[in-house]
>>> print(open('my_file_17.cif').read())   # mmCIF, C-alpha atoms
data_my_file
loop_
_atom_site.label_atom_id
_atom_site.label_comp_id
_atom_site.auth_asym_id
_atom_site.auth_seq_id
_atom_site.Cartn_x
_atom_site.Cartn_y
_atom_site.Cartn_z
CA MET A 23 0.00 0.00 0.00
CA VAL A 24 2.76 2.44 0.92
CA VAL A 25 4.76 1.55 -2.19
CA ARG A 26 1.75 2.25 -4.40
CA LEU A 27 1.35 5.68 -2.81
CA TYR A 28 4.99 6.50 -3.54
CA GLU A 29 4.58 5.18 -7.07
CA ALA A 30 1.50 7.32 -7.66
CA GLU A 31 3.29 10.39 -6.30
CA ALA A 32 6.34 9.74 -8.48
CA THR A 33 4.16 9.25 -11.56
CA ALA A 34 2.38 12.53 -10.86
CA LYS A 35 5.72 14.33 -10.56
CA VAL A 36 6.93 12.87 -13.86
CA ASN A 37 3.71 13.92 -15.57
CA ARG A 38 4.07 17.47 -14.22
CA LEU A 39 7.67 17.57 -15.42
CA ARG A 40 6.63 16.41 -18.89
CA ALA A 41 3.95 19.10 -19.04
CA ILE A 42 6.49 21.75 -18.07
CA GLN A 43 8.95 20.50 -20.70
CA VAL A 44 6.33 20.46 -23.45
CA THR A 45 5.18 23.96 -22.51
CA PHE A 46 8.76 25.21 -22.54
CA LEU A 47 9.47 23.64 -25.93
CA VAL A 48 6.32 25.09 -27.48
CA CYS A 49 7.13 28.56 -26.15
CA ALA A 50 10.74 28.30 -27.27
CA TRP A 51 9.67 27.16 -30.74
CA ARG A 52 7.23 30.06 -31.08
CA TYR A 53 9.94 32.51 -30.03
CA TRP A 54 12.80 30.98 -32.05
CA ARG A 55 11.07 30.32 -35.36
CA PRO A 56 10.22 33.92 -36.34
CA SER A 57 13.59 35.25 -35.18
CA ALA A 58 15.48 32.56 -37.09
CA VAL A 59 13.54 33.28 -40.27
CA SER A 60 14.05 37.03 -39.96
CA ASN A 61 17.78 36.50 -39.31
CA LEU A 62 18.08 34.45 -42.47
CA VAL A 63 16.29 37.16 -44.44
CA TRP A 64 18.62 39.83 -43.07
CA ILE A 65 21.68 37.74 -43.89
CA ARG A 66 20.43 37.24 -47.43
CA LEU A 67 19.73 40.98 -47.84
CA ALA A 68 23.07 41.98 -46.35
CA SER A 69 25.18 39.90 -48.71
CA PRO A 70 24.52 40.72 -52.34
CA ARG A 71 26.37 37.59 -53.47
CA SER A 72 25.65 34.79 -51.06
CA THR A 73 28.10 31.91 -51.42
CA LEU A 74 26.11 29.44 -49.36
CA LEU A 75 24.16 28.07 -52.32
CA ASP A 76 26.25 29.47 -55.15
CA THR A 77 27.95 26.62 -57.00
CA ASN A 78 29.81 28.94 -59.39
CA PHE A 79 31.72 30.70 -56.62
CA PRO A 80 35.34 29.48 -56.39
CA SER A 81 36.25 27.92 -53.09
CA ALA A 82 39.54 26.86 -51.52
CA THR A 83 38.51 23.20 -51.46
CA ARG A 84 38.27 22.82 -55.25
#
>>> encode(input="my_file_17.cif", output="structure tokens")
Amino acid sequence: MVVRLYEAEATAKVNRLRAIQVTFLVCAWRYWRPSAVSNLVWIRLASPRSTLLDTNFPSATR
């Protein structure tokens, strides 16, 4: 009987922890996603010739 009470209490704590983690991840995703997209846009606008996807740009590895 006592072990089952401890088990129920531990399960409740784990469930609360999971809820906190999911809430944190959702909030972090909502905050990070727009800022990451806007940063990529600013990087693209700041560099007139972006070499990230440019296959014609000479690199030191070729």
>>> atom_distance(input="my_file_17.cif", atom1="atom CA of Arg52 of chain A", atom2="atom CA of Arg38 of chain A")
21.3 Å
>>> atom_distance(input="my_file_17.cif", atom1="atom CA of Leu39 of chain A", atom2="atom CA of Tyr53 of chain A")
21.0 Å
>>> atom_distance(input="my_file_17.cif", atom1="atom CA of Ala50 of chain A", atom2="atom CA of Glu31 of chain A")
28.6 Å
